[in-house]
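Listing of my_file19.pdb; format and content: PDB, C-alpha atoms.
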ATOM      1  CA  MET A 218      11.165  -0.695  -3.909
ATOM      2  CA  GLU A 219      12.826  -1.628  -0.647
ATOM      3  CA  LYS A 220      12.973  -5.341   0.161
ATOM      4  CA  CYS A 221      11.214  -6.517   3.287
ATOM      5  CA  LYS A 222      13.750  -7.234   6.018
ATOM      6  CA  GLU A 223      11.274  -8.913   8.359
ATOM      7  CA  LYS A 224       9.806 -12.401   8.466
ATOM      8  CA  HIS A 225       6.036 -12.214   8.853
ATOM      9  CA  PRO A 226       4.327 -15.316  10.170
ATOM     10  CA  LEU A 227       0.917 -16.104   8.697
ATOM     11  CA  VAL A 228      -1.322 -16.904  11.657
ATOM     12  CA  CYS A 229      -4.859 -17.701  12.727
ATOM     13  CA  VAL A 230      -6.037 -15.914  15.872
ATOM     14  CA  GLU A 231      -8.911 -17.493  17.803
ATOM     15  CA  TRP A 232     -10.655 -14.895  19.937
ATOM     16  CA  VAL A 233     -13.871 -14.152  21.816
ATOM     17  CA  ASP A 234     -15.983 -11.548  20.047
ATOM     18  CA  ALA A 235     -17.424  -8.573  21.901
ATOM     19  CA  ASP A 236     -21.066  -7.593  21.455
ATOM     20  CA  GLN A 237     -22.786  -4.226  21.375
ATOM     21  CA  GLN A 238     -26.390  -3.305  20.685
ATOM     22  CA  SER A 239     -27.560   0.163  19.758
ATOM     23  CA  GLY A 240     -30.810   1.578  21.054
ATOM     24  CA  TRP A 241     -33.056  -0.105  23.617
ATOM     25  CA  SER A 242     -32.925  -3.885  23.840
ATOM     26  CA  GLU A 243     -33.406  -6.689  26.301
ATOM     27  CA  TYR A 244     -30.467  -8.549  27.760
ATOM     28  CA  ASP A 245     -30.563 -12.303  27.184
ATOM     29  CA  PRO A 246     -27.946 -14.147  29.259
ATOM     30  CA  LYS A 247     -28.502 -17.229  27.061
ATOM     31  CA  GLU A 248     -27.236 -15.502  23.916
ATOM     32  CA  PRO A 249     -24.308 -17.451  22.445
ATOM     33  CA  VAL A 250     -20.716 -16.358  22.846
ATOM     34  CA  TRP A 251     -19.074 -16.085  19.436
ATOM     35  CA  ILE A 252     -15.577 -17.441  18.874
ATOM     36  CA  MET A 253     -13.968 -15.686  15.904
ATOM     37  CA  TYR A 254     -11.057 -16.762  13.676
ATOM     38  CA  THR A 255      -9.018 -14.031  12.008
ATOM     39  CA  TYR A 256      -6.214 -14.898   9.576
ATOM     40  CA  GLY A 257      -3.338 -12.624   8.573
ATOM     41  CA  LEU A 258       0.286 -11.562   8.717
ATOM     42  CA  LEU A 259       1.417 -11.050  12.301
ATOM     43  CA  VAL A 260       2.430  -7.374  12.471
ATOM     44  CA  ASP A 261       2.902  -6.955  16.213
ATOM     45  CA  LYS A 262       2.139  -8.341  19.669
ATOM     46  CA  THR A 263       1.870  -5.676  22.351
ATOM     47  CA  LYS A 264       0.717  -5.700  25.952
ATOM     48  CA  HIS A 265      -2.819  -4.846  24.787
ATOM     49  CA  TRP A 266      -3.109  -5.949  21.140
ATOM     50  CA  ILE A 267      -2.448  -8.694  18.623
ATOM     51  CA  VAL A 268      -2.069  -6.859  15.312
ATOM     52  CA  LEU A 269      -2.642  -8.596  11.956
ATOM     53  CA  ALA A 270      -2.706  -7.321   8.387
ATOM     54  CA  ASP A 271      -3.690  -8.877   5.082
ATOM     55  CA  THR A 272      -1.031  -7.069   3.000
ATOM     56  CA  HIS A 273       2.437  -5.589   3.554
ATOM     57  CA  LEU A 274       4.245  -3.198   1.231
ATOM     58  CA  PRO A 275       7.697  -2.523   2.719
ATOM     59  CA  PRO A 276       8.849  -0.673   4.546
ATOM     60  CA  ASP A 277       5.860   0.729   6.454
ATOM     61  CA  SER A 278       2.601   0.292   4.515
ATOM     62  CA  TRP A 279       0.049  -2.231   5.766
ATOM     63  CA  GLY A 280      -3.330  -3.123   4.312
ATOM     64  CA  GLY A 281      -6.340  -4.444   6.208
ATOM     65  CA  ILE A 282      -5.027  -3.985   9.743
ATOM     66  CA  ASN A 283      -6.887  -5.840  12.516
ATOM     67  CA  LYS A 284      -6.173  -4.986  16.167
ATOM     68  CA  ILE A 285      -7.551  -7.718  18.411
ATOM     69  CA  PRO A 286      -7.639  -7.062  22.171
ATOM     70  CA  ARG A 287      -5.107  -9.429  23.738
ATOM     71  CA  ARG A 288      -7.450 -10.306  26.608
ATOM     72  CA  SER A 289      -9.947 -11.671  24.067
ATOM     73  CA  VAL A 290      -7.403 -13.986  22.426
ATOM     74  CA  LYS A 291      -7.735 -17.685  23.208
ATOM     75  CA  LYS A 292      -5.055 -19.023  20.850
ATOM     76  CA  ILE A 293      -2.641 -17.995  18.076
ATOM     77  CA  GLU A 294      -1.857 -20.754  15.592
ATOM     78  CA  SER A 295       1.019 -20.498  13.129
ATOM     79  CA  ILE A 296       0.047 -21.391   9.556
ATOM     80  CA  LEU A 297       3.307 -20.376   7.859
ATOM     81  CA  ARG A 298       6.525 -19.308   9.591
ATOM     82  CA  SER A 299       7.402 -16.688   7.004
ATOM     83  CA  ALA A 300       4.973 -15.425   4.356
ATOM     84  CA  THR A 301       6.134 -13.576   1.249
ATOM     85  CA  CYS A 302       5.006  -9.949   1.333
ATOM     86  CA  TYR A 303       5.288  -9.168  -2.376
ATOM     87  CA  ARG A 304       7.247  -9.810  -5.532
ATOM     88  CA  GLU A 305       8.229  -7.435  -8.300
ATOM     89  CA  LEU A 306       7.031  -8.170 -11.814
ATOM     90  CA  SER A 307       8.878  -6.849 -14.835
ATOM     91  CA  VAL A 308       6.188  -5.737 -17.243
ATOM     92  CA  VAL A 309       6.800  -5.092 -20.924
ATOM     93  CA  ARG A 310       3.888  -3.225 -22.458
ATOM     94  CA  ASP A 311       2.595  -4.290 -25.867
ATOM     95  CA  LYS A 312       1.779  -1.015 -27.636
ATOM     96  CA  ASN A 313      -0.727  -2.752 -29.927
ATOM     97  CA  ILE A 314      -2.813  -4.330 -27.156
ATOM     98  CA  GLY A 315      -2.390  -2.064 -24.140
ATOM     99  CA  GLY A 316      -1.697  -4.986 -21.813
ATOM    100  CA  SER A 317       1.567  -6.671 -20.946
ATOM    101  CA  SER A 318       3.274  -9.820 -22.124
ATOM    102  CA  ASP A 319       3.735 -11.109 -18.556
ATOM    103  CA  GLU A 320       0.111 -10.848 -17.471
ATOM    104  CA  PRO A 321      -2.713 -13.163 -18.506
ATOM    105  CA  PRO A 322      -5.632 -11.484 -20.287
ATOM    106  CA  VAL A 323      -8.435 -10.385 -18.006
ATOM    107  CA  GLU A 324     -11.759 -11.899 -18.966
ATOM    108  CA  PRO A 325     -15.106 -10.497 -17.846
ATOM    109  CA  PRO A 326     -17.131 -12.606 -15.402
ATOM    110  CA  VAL A 327     -19.495 -15.154 -16.927
ATOM    111  CA  GLU A 328     -23.155 -14.191 -16.777
ATOM    112  CA  PRO A 329     -25.138 -16.256 -14.259
ATOM    113  CA  SER A 330     -26.891 -19.285 -15.665
ATOM    114  CA  LYS A 331     -30.651 -19.731 -15.253
ATOM    115  CA  GLY A 332     -31.444 -20.509 -11.652
ATOM    116  CA  SER A 333     -27.999 -19.356 -10.502
ATOM    117  CA  LYS A 334     -27.706 -16.871  -7.648
ATOM    118  CA  GLY A 335     -24.542 -15.152  -8.836
ATOM    119  CA  PHE A 336     -21.615 -15.092 -11.218
ATOM    120  CA  VAL A 337     -19.914 -18.348 -12.126
ATOM    121  CA  ALA A 338     -16.137 -18.547 -12.377
ATOM    122  CA  PRO A 339     -14.956 -19.296 -15.930
TER     123      PRO A 339
END
Can you dump the structure from the file as structure tokens?
Amino acid sequence: MEKCKEKHPLVCVEWVDADQQSGWSEYDPKEPVWIMYTYGLLVDKTKHWIVLADTHLPPDSWGGINKIPRRSVKKIESILRSATCYRELSVVRDKNIGGSSDEPPVEPPVEPSKGSKGFVAP
């Protein structure tokens, strides 16, 4: 795998959300304006877009791309100057188990307790 040659800042973009309603509806000028916060690797800044992604696999594969209209952006805050894109893991398979010696065993989620609304982390 090719090593990443770029430094990708991890950022938080504060931006004004757009709104769209389908079908017939009434316009309410008192509806709140929503300020959104999107976090990710800064992929690009163009004249029209701020582009973020949640994952980068060099050289050209990006996961979870967000294109935010530049005119909607209020602020871009740097969280980390250079985030690590990936690391390679040497895996030695154990023929008896089917897993690897470098990876922790995967345990199933714990069943919810009485009165719980979801799964509980072990």
Need the shell around stretch 234-250 of chain A: protein/DNA/RNA residues with any atom at most 10 Å away, counting only C-alpha atoms. Skip same-chain ones fewer than 6 positions apart. Format as a list of chain:residue names? A:Ile285, A:Pro286, A:Ser289, A:Val290
Using the chain letters and numbers from the file, give me the residues hit by the PyMOL selection byres ((chain A and resi 301) around 9), as a list in words. Cys221, Lys224, His225, Ser299, Ala300, Cys302, Tyr303 and Arg304 of chain A
Output the selection as a CSV table (one decimal), in the frame of the given file - C-alpha atoms for each residue.
chain,number,residue,atom,x,y,z
A,221,CYS,CA,11.2,-6.5,3.3
A,224,LYS,CA,9.8,-12.4,8.5
A,225,HIS,CA,6.0,-12.2,8.9
A,299,SER,CA,7.4,-16.7,7.0
A,300,ALA,CA,5.0,-15.4,4.4
A,302,CYS,CA,5.0,-9.9,1.3
A,303,TYR,CA,5.3,-9.2,-2.4
A,304,ARG,CA,7.2,-9.8,-5.5
Quick one: residues within 6 Å of A:Leu269, all atoms listed in the file counted, chain neighbours fewer than 5 positions away excluded, as a PDB file with C-alpha atoms, in the coordinates of the input?
ATOM      1  CA  GLY A 257      -3.338 -12.624   8.573  1.00  0.00           C
ATOM      2  CA  LEU A 258       0.286 -11.562   8.717  1.00  0.00           C
ATOM      3  CA  LEU A 259       1.417 -11.050  12.301  1.00  0.00           C
ATOM      4  CA  VAL A 260       2.430  -7.374  12.471  1.00  0.00           C
ATOM      5  CA  ILE A 282      -5.027  -3.985   9.743  1.00  0.00           C
ATOM      6  CA  ASN A 283      -6.887  -5.840  12.516  1.00  0.00           C
TER       7      ASN A 283
END
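Straight-line separation from atom CA of A:Trp232 to atom CA of A:Trp279: 21.8 Å.
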List the residues matched by the PyMOL selection byres ((chain A and resi 252) around 6) in the displayed structure as a PyMOL selection string, ordered by chain and then by residue number. chain A and resi 232-233+251+253
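Atom to atom, atom CA of A:Glu231 and atom CA of A:Leu274 stand 25.5 Å apart.
The space separating atom CA of A:Pro275 from atom CA of A:Ser295 comes to 21.8 Å.
Using all atoms listed in the file, the smallest distance between any of A:Arg287, A:Lys292, A:Cys229, A:Lys222 and A:His265 comes from A:Arg287.
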Taking every listed atom of stretch 250-260 of chain A and adding 6 Å to each side, what centre and edge lengths in Å (one decimal) does the axis-aligned box have, as lines of an AutoDock Vina configuration file?
center_x = -9.1
center_y = -12.4
center_z = 15.7
size_x = 35.1
size_y = 22.1
size_z = 26.3
